[in-house]
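Undergrad: query-v8.pdb is reproduced in full below (PDB, C-alpha atoms, pLDDT in the B column).
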ATOM      1  CA  MET A  10      -4.425  30.529  -0.632  1.00 67.00           C
ATOM      2  CA  ARG A  11      -6.764  30.683  -3.596  1.00 81.00           C
ATOM      3  CA  ASN A  12      -8.637  27.603  -4.761  1.00 85.00           C
ATOM      4  CA  GLU A  13      -6.983  27.808  -8.197  1.00 91.00           C
ATOM      5  CA  THR A  14      -3.549  27.653  -6.577  1.00 89.00           C
ATOM      6  CA  LYS A  15      -4.590  24.744  -4.343  1.00 88.00           C
ATOM      7  CA  LYS A  16      -5.881  22.850  -7.379  1.00 92.00           C
ATOM      8  CA  LYS A  17      -2.599  23.375  -9.256  1.00 94.00           C
ATOM      9  CA  ILE A  18      -0.611  22.225  -6.228  1.00 93.00           C
ATOM     10  CA  ARG A  19      -2.752  19.086  -5.950  1.00 94.00           C
ATOM     11  CA  ILE A  20      -2.264  18.302  -9.652  1.00 96.00           C
ATOM     12  CA  ILE A  21       1.500  18.713  -9.314  1.00 97.00           C
ATOM     13  CA  GLY A  22       1.323  16.605  -6.149  1.00 96.00           C
ATOM     14  CA  TRP A  23      -0.488  13.815  -8.021  1.00 97.00           C
ATOM     15  CA  ILE A  24       2.091  13.880 -10.811  1.00 97.00           C
ATOM     16  CA  LEU A  25       4.924  13.683  -8.270  1.00 97.00           C
ATOM     17  CA  PHE A  26       3.096  10.927  -6.373  1.00 97.00           C
ATOM     18  CA  ILE A  27       2.693   8.808  -9.510  1.00 97.00           C
ATOM     19  CA  ILE A  28       6.365   9.310 -10.399  1.00 97.00           C
ATOM     20  CA  TYR A  29       7.294   8.382  -6.817  1.00 97.00           C
ATOM     21  CA  ILE A  30       5.217   5.166  -6.892  1.00 96.00           C
ATOM     22  CA  LEU A  31       6.708   4.171 -10.262  1.00 96.00           C
ATOM     23  CA  LEU A  32      10.241   4.777  -8.959  1.00 94.00           C
ATOM     24  CA  LEU A  33       9.420   2.804  -5.806  1.00 92.00           C
ATOM     25  CA  ILE A  34       8.215  -0.131  -7.904  1.00 91.00           C
ATOM     26  CA  TYR A  35      11.309   0.041 -10.074  1.00 90.00           C
ATOM     27  CA  PHE A  36      13.833   0.202  -7.242  1.00 87.00           C
ATOM     28  CA  LEU A  37      12.136  -2.385  -5.044  1.00 86.00           C
ATOM     29  CA  PHE A  38      11.162  -4.955  -7.642  1.00 84.00           C
ATOM     30  CA  LEU A  39      12.904  -4.441 -10.961  1.00 82.00           C
ATOM     31  CA  SER A  40      16.278  -2.718 -10.611  1.00 79.00           C
ATOM     32  CA  GLU A  41      18.123  -5.674  -9.107  1.00 66.00           C
ATOM     33  CA  GLU A  42      16.538  -8.274 -11.348  1.00 55.00           C
ATOM     34  CA  TYR A  43      19.746  -8.892 -13.279  1.00 48.00           C
ATOM     35  CA  GLY A  44      21.941 -11.545 -11.744  1.00 48.00           C
ATOM     36  CA  ARG A  45      19.144 -13.131  -9.718  1.00 52.00           C
ATOM     37  CA  LYS A  46      18.235 -16.779  -9.899  1.00 55.00           C
ATOM     38  CA  ASP A  47      15.196 -18.041 -11.751  1.00 58.00           C
ATOM     39  CA  PHE A  48      11.983 -17.700  -9.755  1.00 57.00           C
ATOM     40  CA  ALA A  49      11.832 -21.467  -9.066  1.00 58.00           C
ATOM     41  CA  GLN A  50      15.359 -21.418  -7.624  1.00 59.00           C
ATOM     42  CA  ARG A  51      14.820 -18.472  -5.304  1.00 70.00           C
ATOM     43  CA  ASP A  52      14.262 -18.995  -1.605  1.00 82.00           C
ATOM     44  CA  TYR A  53      11.761 -17.267   0.623  1.00 84.00           C
ATOM     45  CA  GLN A  54      13.653 -14.858   2.836  1.00 86.00           C
ATOM     46  CA  TYR A  55      12.154 -13.167   5.862  1.00 90.00           C
ATOM     47  CA  ASN A  56      12.987 -11.675   9.241  1.00 92.00           C
ATOM     48  CA  LEU A  57      10.324 -11.532  11.933  1.00 94.00           C
ATOM     49  CA  VAL A  58      12.611 -10.438  14.798  1.00 94.00           C
ATOM     50  CA  LEU A  59      12.433  -6.701  15.393  1.00 95.00           C
ATOM     51  CA  PHE A  60      15.828  -4.905  15.279  1.00 94.00           C
ATOM     52  CA  GLN A  61      17.681  -8.054  14.134  1.00 94.00           C
ATOM     53  CA  GLU A  62      18.719  -6.696  10.723  1.00 92.00           C
ATOM     54  CA  ILE A  63      19.251  -3.165  12.029  1.00 93.00           C
ATOM     55  CA  ARG A  64      21.576  -4.542  14.713  1.00 93.00           C
ATOM     56  CA  ARG A  65      23.335  -6.810  12.217  1.00 92.00           C
ATOM     57  CA  PHE A  66      24.028  -3.971   9.790  1.00 91.00           C
ATOM     58  CA  TRP A  67      25.244  -1.759  12.628  1.00 91.00           C
ATOM     59  CA  VAL A  68      27.500  -4.368  14.252  1.00 92.00           C
ATOM     60  CA  TYR A  69      28.975  -5.569  10.950  1.00 91.00           C
ATOM     61  CA  ARG A  70      29.086  -2.169   9.218  1.00 90.00           C
ATOM     62  CA  GLU A  71      32.842  -2.429   8.662  1.00 91.00           C
ATOM     63  CA  ARG A  72      32.542  -5.914   7.170  1.00 92.00           C
ATOM     64  CA  VAL A  73      29.547  -5.207   4.908  1.00 89.00           C
ATOM     65  CA  GLY A  74      30.776  -1.710   4.158  1.00 91.00           C
ATOM     66  CA  TYR A  75      29.599   1.613   5.433  1.00 90.00           C
ATOM     67  CA  LEU A  76      27.811   2.373   2.184  1.00 90.00           C
ATOM     68  CA  ALA A  77      25.856  -0.905   2.273  1.00 87.00           C
ATOM     69  CA  ALA A  78      24.903  -0.334   5.917  1.00 88.00           C
ATOM     70  CA  PHE A  79      23.850   3.245   5.180  1.00 90.00           C
ATOM     71  CA  LEU A  80      21.856   2.254   2.094  1.00 87.00           C
ATOM     72  CA  ASN A  81      20.036  -0.462   3.997  1.00 87.00           C
ATOM     73  CA  LEU A  82      19.224   1.553   7.109  1.00 91.00           C
ATOM     74  CA  ALA A  83      18.828   5.095   5.794  1.00 94.00           C
ATOM     75  CA  GLY A  84      17.574   3.957   2.393  1.00 92.00           C
ATOM     76  CA  ASN A  85      14.445   2.467   3.926  1.00 94.00           C
ATOM     77  CA  VAL A  86      13.757   5.714   5.777  1.00 97.00           C
ATOM     78  CA  ILE A  87      14.569   7.985   2.828  1.00 96.00           C
ATOM     79  CA  GLY A  88      12.522   5.845   0.437  1.00 95.00           C
ATOM     80  CA  PHE A  89       9.306   6.596   2.332  1.00 97.00           C
ATOM     81  CA  LEU A  90       9.907  10.290   3.088  1.00 97.00           C
ATOM     82  CA  PRO A  91       8.155  11.387  -0.129  1.00 97.00           C
ATOM     83  CA  PHE A  92       5.102   9.286   0.731  1.00 97.00           C
ATOM     84  CA  GLY A  93       4.676  11.059   4.068  1.00 97.00           C
ATOM     85  CA  PHE A  94       5.248  14.446   2.456  1.00 97.00           C
ATOM     86  CA  ILE A  95       3.144  14.142  -0.704  1.00 97.00           C
ATOM     87  CA  LEU A  96       0.125  12.284   0.718  1.00 96.00           C
ATOM     88  CA  PRO A  97      -1.145  15.282   2.739  1.00 96.00           C
ATOM     89  CA  VAL A  98      -0.693  17.496  -0.331  1.00 95.00           C
ATOM     90  CA  ILE A  99      -2.875  15.379  -2.606  1.00 95.00           C
ATOM     91  CA  GLY A 100      -5.449  14.176  -0.092  1.00 90.00           C
ATOM     92  CA  LYS A 101      -7.782  16.646   1.578  1.00 84.00           C
ATOM     93  CA  ARG A 102      -8.424  14.149   4.369  1.00 87.00           C
ATOM     94  CA  MET A 103      -4.764  13.238   4.797  1.00 91.00           C
ATOM     95  CA  LYS A 104      -3.851  16.147   7.060  1.00 89.00           C
ATOM     96  CA  ASN A 105      -3.920  13.816  10.069  1.00 95.00           C
ATOM     97  CA  GLY A 106      -0.449  12.528  10.947  1.00 96.00           C
ATOM     98  CA  PHE A 107      -1.773   9.300  12.437  1.00 97.00           C
ATOM     99  CA  LEU A 108      -3.714   8.472   9.271  1.00 97.00           C
ATOM    100  CA  VAL A 109      -0.675   9.212   7.082  1.00 97.00           C
ATOM    101  CA  THR A 110       1.446   6.988   9.346  1.00 98.00           C
ATOM    102  CA  VAL A 111      -1.059   4.121   9.083  1.00 98.00           C
ATOM    103  CA  CYS A 112      -1.126   4.509   5.285  1.00 97.00           C
ATOM    104  CA  GLY A 113       2.684   4.445   5.199  1.00 98.00           C
ATOM    105  CA  PHE A 114       2.741   1.309   7.341  1.00 98.00           C
ATOM    106  CA  CYS A 115       0.137  -0.344   5.088  1.00 98.00           C
ATOM    107  CA  LEU A 116       2.109   0.535   1.944  1.00 97.00           C
ATOM    108  CA  SER A 117       5.271  -0.837   3.562  1.00 97.00           C
ATOM    109  CA  LEU A 118       3.462  -4.020   4.603  1.00 97.00           C
ATOM    110  CA  PHE A 119       2.173  -4.422   1.045  1.00 97.00           C
ATOM    111  CA  VAL A 120       5.668  -3.926  -0.421  1.00 95.00           C
ATOM    112  CA  GLU A 121       7.268  -6.333   2.041  1.00 95.00           C
ATOM    113  CA  SER A 122       4.559  -8.934   1.380  1.00 95.00           C
ATOM    114  CA  MET A 123       5.029  -8.637  -2.387  1.00 93.00           C
ATOM    115  CA  GLN A 124       8.771  -9.092  -1.926  1.00 90.00           C
ATOM    116  CA  LEU A 125       8.081 -12.280   0.006  1.00 90.00           C
ATOM    117  CA  ILE A 126       5.497 -13.634  -2.435  1.00 91.00           C
ATOM    118  CA  PHE A 127       7.586 -12.908  -5.536  1.00 87.00           C
ATOM    119  CA  LYS A 128      10.862 -13.821  -3.796  1.00 87.00           C
ATOM    120  CA  VAL A 129      12.365 -10.436  -4.627  1.00 84.00           C
ATOM    121  CA  GLY A 130      14.293  -9.240  -1.609  1.00 81.00           C
ATOM    122  CA  SER A 131      13.006 -10.298   1.764  1.00 87.00           C
ATOM    123  CA  PHE A 132      10.154  -9.629   4.153  1.00 94.00           C
ATOM    124  CA  ASP A 133      11.702  -7.750   7.062  1.00 95.00           C
ATOM    125  CA  VAL A 134       9.930  -6.271  10.086  1.00 97.00           C
ATOM    126  CA  ASP A 135      12.869  -3.866  10.470  1.00 96.00           C
ATOM    127  CA  ASP A 136      12.059  -2.511   7.006  1.00 96.00           C
ATOM    128  CA  LEU A 137       8.453  -2.018   8.140  1.00 97.00           C
ATOM    129  CA  LEU A 138       9.729   0.024  11.080  1.00 97.00           C
ATOM    130  CA  LEU A 139      12.200   2.068   9.018  1.00 97.00           C
ATOM    131  CA  ASN A 140       9.716   2.699   6.196  1.00 98.00           C
ATOM    132  CA  THR A 141       7.080   3.837   8.676  1.00 98.00           C
ATOM    133  CA  LEU A 142       9.652   6.094  10.331  1.00 98.00           C
ATOM    134  CA  GLY A 143      10.362   7.580   6.892  1.00 98.00           C
ATOM    135  CA  THR A 144       6.645   8.239   6.417  1.00 98.00           C
ATOM    136  CA  VAL A 145       6.460   9.978   9.807  1.00 98.00           C
ATOM    137  CA  LEU A 146       9.509  12.132   9.042  1.00 98.00           C
ATOM    138  CA  GLY A 147       8.042  13.019   5.646  1.00 98.00           C
ATOM    139  CA  TYR A 148       4.798  14.064   7.297  1.00 98.00           C
ATOM    140  CA  LEU A 149       6.706  16.132   9.872  1.00 98.00           C
ATOM    141  CA  ALA A 150       8.573  17.869   7.026  1.00 98.00           C
ATOM    142  CA  PHE A 151       5.217  18.584   5.367  1.00 97.00           C
ATOM    143  CA  SER A 152       3.843  19.977   8.640  1.00 97.00           C
ATOM    144  CA  VAL A 153       6.836  22.279   9.105  1.00 97.00           C
ATOM    145  CA  CYS A 154       6.630  23.519   5.504  1.00 96.00           C
ATOM    146  CA  ASN A 155       2.882  24.005   5.810  1.00 93.00           C
ATOM    147  CA  ARG A 156       3.255  26.048   9.013  1.00 95.00           C
ATOM    148  CA  ILE A 157       5.954  28.206   7.439  1.00 95.00           C
ATOM    149  CA  ARG A 158       3.738  28.741   4.376  1.00 90.00           C
ATOM    150  CA  ARG A 159       0.787  29.732   6.563  1.00 90.00           C
ATOM    151  CA  TRP A 160       2.970  32.040   8.654  1.00 93.00           C
ATOM    152  CA  ILE A 161       4.288  33.804   5.542  1.00 90.00           C
ATOM    153  CA  TYR A 162       0.785  34.012   4.061  1.00 84.00           C
ATOM    154  CA  GLU A 163      -0.617  35.534   7.277  1.00 86.00           C
ATOM    155  CA  LYS A 164       2.143  38.145   7.353  1.00 84.00           C
ATOM    156  CA  LYS A 165       1.220  39.256   3.818  1.00 78.00           C
ATOM    157  CA  VAL A 166      -2.477  39.580   4.627  1.00 69.00           C
TER     158      VAL A 166
END
With the file now loaded, output its structure as structure tokens.
TA:
Amino acid sequence: MRNETKKKIRIIGWILFIIYILLLIYFLFLSEEYGRKDFAQRDYQYNLVLFQEIRRFWVYRERVGYLAAFLNLAGNVIGFLPFGFILPVIGKRMKNGFLVTVCGFCLSLFVESMQLIFKVGSFDVDDLLLNTLGTVLGYLAFSVCNRIRRWIYEKKV
């Protein structure tokens, strides 16, 4: 691939990454703001027991609703898929899956910590796990697409 094409792809990647981060901020911190209590009246909410919330949503899926269970479990995974996919596109050094996974975990830890500090949502270790899984799956999707692109490019040359 030519350097001009790579540069254009990186620019598009950066634009998509910025849009993704802004959407992440909106959905995680701002979108549910209506109907919440004043900051002083909010409680700190957290879960430090791995698989507790995942198990709870699975066991009580009929009571909480299938959509709510799906949005909680799959939403955390789906929300971090773009991070795992776009990061290797924009970062020359981000071709390493382990490094992308660590960055996804760190972003998730930051988000969960901000939710705890600002009492917006809750700090949940299950969310850390699901978000990191989303990052890994996003990176795997990038890897598959990258291999297909290279295979097609090699066939043309």
Undergrad: Name the residues that the PyMOL selection byres ((chain A and resi 19-25) around 12) pulls out of this structure, and write them as a PyMOL selection string.
TA: chain A and resi 12-18+26-32+91-92+94-101
Undergrad: Once the PyMOL selection byres ((chain A and resi 107) around 12) has been evaluated on this model, what residues remain selected, and can you format them as a PyMOL selection string?
TA: chain A and resi 93+97+102-106+108-114+141+144-145+148-149
Undergrad: Please produce a file of the residues just selected, as an mmCIF file, in the frame of the given file, where the atoms kept are C-alpha atoms.
TA:
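Final output, saved to part_33.cif:
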data_model
loop_
_atom_site.group_PDB
_atom_site.id
_atom_site.type_symbol
_atom_site.label_atom_id
_atom_site.label_comp_id
_atom_site.auth_asym_id
_atom_site.auth_seq_id
_atom_site.Cartn_x
_atom_site.Cartn_y
_atom_site.Cartn_z
ATOM 1 C CA GLY A 93 4.676 11.059 4.068
ATOM 2 C CA PRO A 97 -1.145 15.282 2.739
ATOM 3 C CA ARG A 102 -8.424 14.149 4.369
ATOM 4 C CA MET A 103 -4.764 13.238 4.797
ATOM 5 C CA LYS A 104 -3.851 16.147 7.060
ATOM 6 C CA ASN A 105 -3.920 13.816 10.069
ATOM 7 C CA GLY A 106 -0.449 12.528 10.947
ATOM 8 C CA LEU A 108 -3.714 8.472 9.271
ATOM 9 C CA VAL A 109 -0.675 9.212 7.082
ATOM 10 C CA THR A 110 1.446 6.988 9.346
ATOM 11 C CA VAL A 111 -1.059 4.121 9.083
ATOM 12 C CA CYS A 112 -1.126 4.509 5.285
ATOM 13 C CA GLY A 113 2.684 4.445 5.199
ATOM 14 C CA PHE A 114 2.741 1.309 7.341
ATOM 15 C CA THR A 141 7.080 3.837 8.676
ATOM 16 C CA THR A 144 6.645 8.239 6.417
ATOM 17 C CA VAL A 145 6.460 9.978 9.807
ATOM 18 C CA TYR A 148 4.798 14.064 7.297
ATOM 19 C CA LEU A 149 6.706 16.132 9.872
#
Undergrad: Could you check how far atom CA of Asp136 of chain A sits from atom CA of Leu57 of chain A, in Å to one decimal?
TA: 10.4 Å
Undergrad: Specify as a list in words each residue included when the PyMOL selection byres ((chain A and resi 83) around 12) is applied to this file.
TA: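 With the shown file as input, the PyMOL selection byres ((chain A and resi 83) around 12) matches Ile63, Phe66, Trp67, Tyr75, Leu76, Ala77, Ala78, Phe79, Leu80, Asn81, Leu82, Gly84, Asn85, Val86, Ile87, Gly88, Phe89, Leu90, Asp135, Asp136, Leu138, Leu139, Asn140, Leu142 and Gly143 of chain A.
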Undergrad: Between atom CA of Phe38 of chain A and atom CA of Gly130 of chain A, what distance in Å does the model show, to one decimal?
TA: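 Separation of atom CA of Phe38 of chain A and atom CA of Gly130 of chain A: 8.0 Å.
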Undergrad: Ranking A:Gln61, A:Ser40, A:Asn56, A:Ser117 by minimum distance to Val129 of chain A and counting only C-alpha atoms, which one comes first?
TA: A:Ser40
Undergrad: Pick from A:Tyr53, A:Tyr35, A:Lys165, A:Leu137: nearest to Gln124 of chain A, with all atoms listed in the file counted?
TA: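 Closest candidate: A:Tyr53.
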Undergrad: Around all listed atoms of segment 144-152 of chain A, padded 8 Å per side, what centre and edge lengths does the axis-aligned box have in Å to one decimal, as lines of an AutoDock Vina configuration file?
TA:
center_x = 6.7
center_y = 14.1
center_z = 7.6
size_x = 21.7
size_y = 27.7
size_z = 20.5
Undergrad: Within 7 Å of (9.9, -14.0, 2.2) (file coordinates; all atoms listed in the file), which protein or nucleic acid residues are there? I'd like them as number ranges by chain.
TA: A: 53-55, 124-126, 128, 131-132
Undergrad: What does the structure give for the distance between atom CA of Leu39 of chain A and atom CA of Val73 of chain A, in Å to one decimal?
TA: 23.0 Å
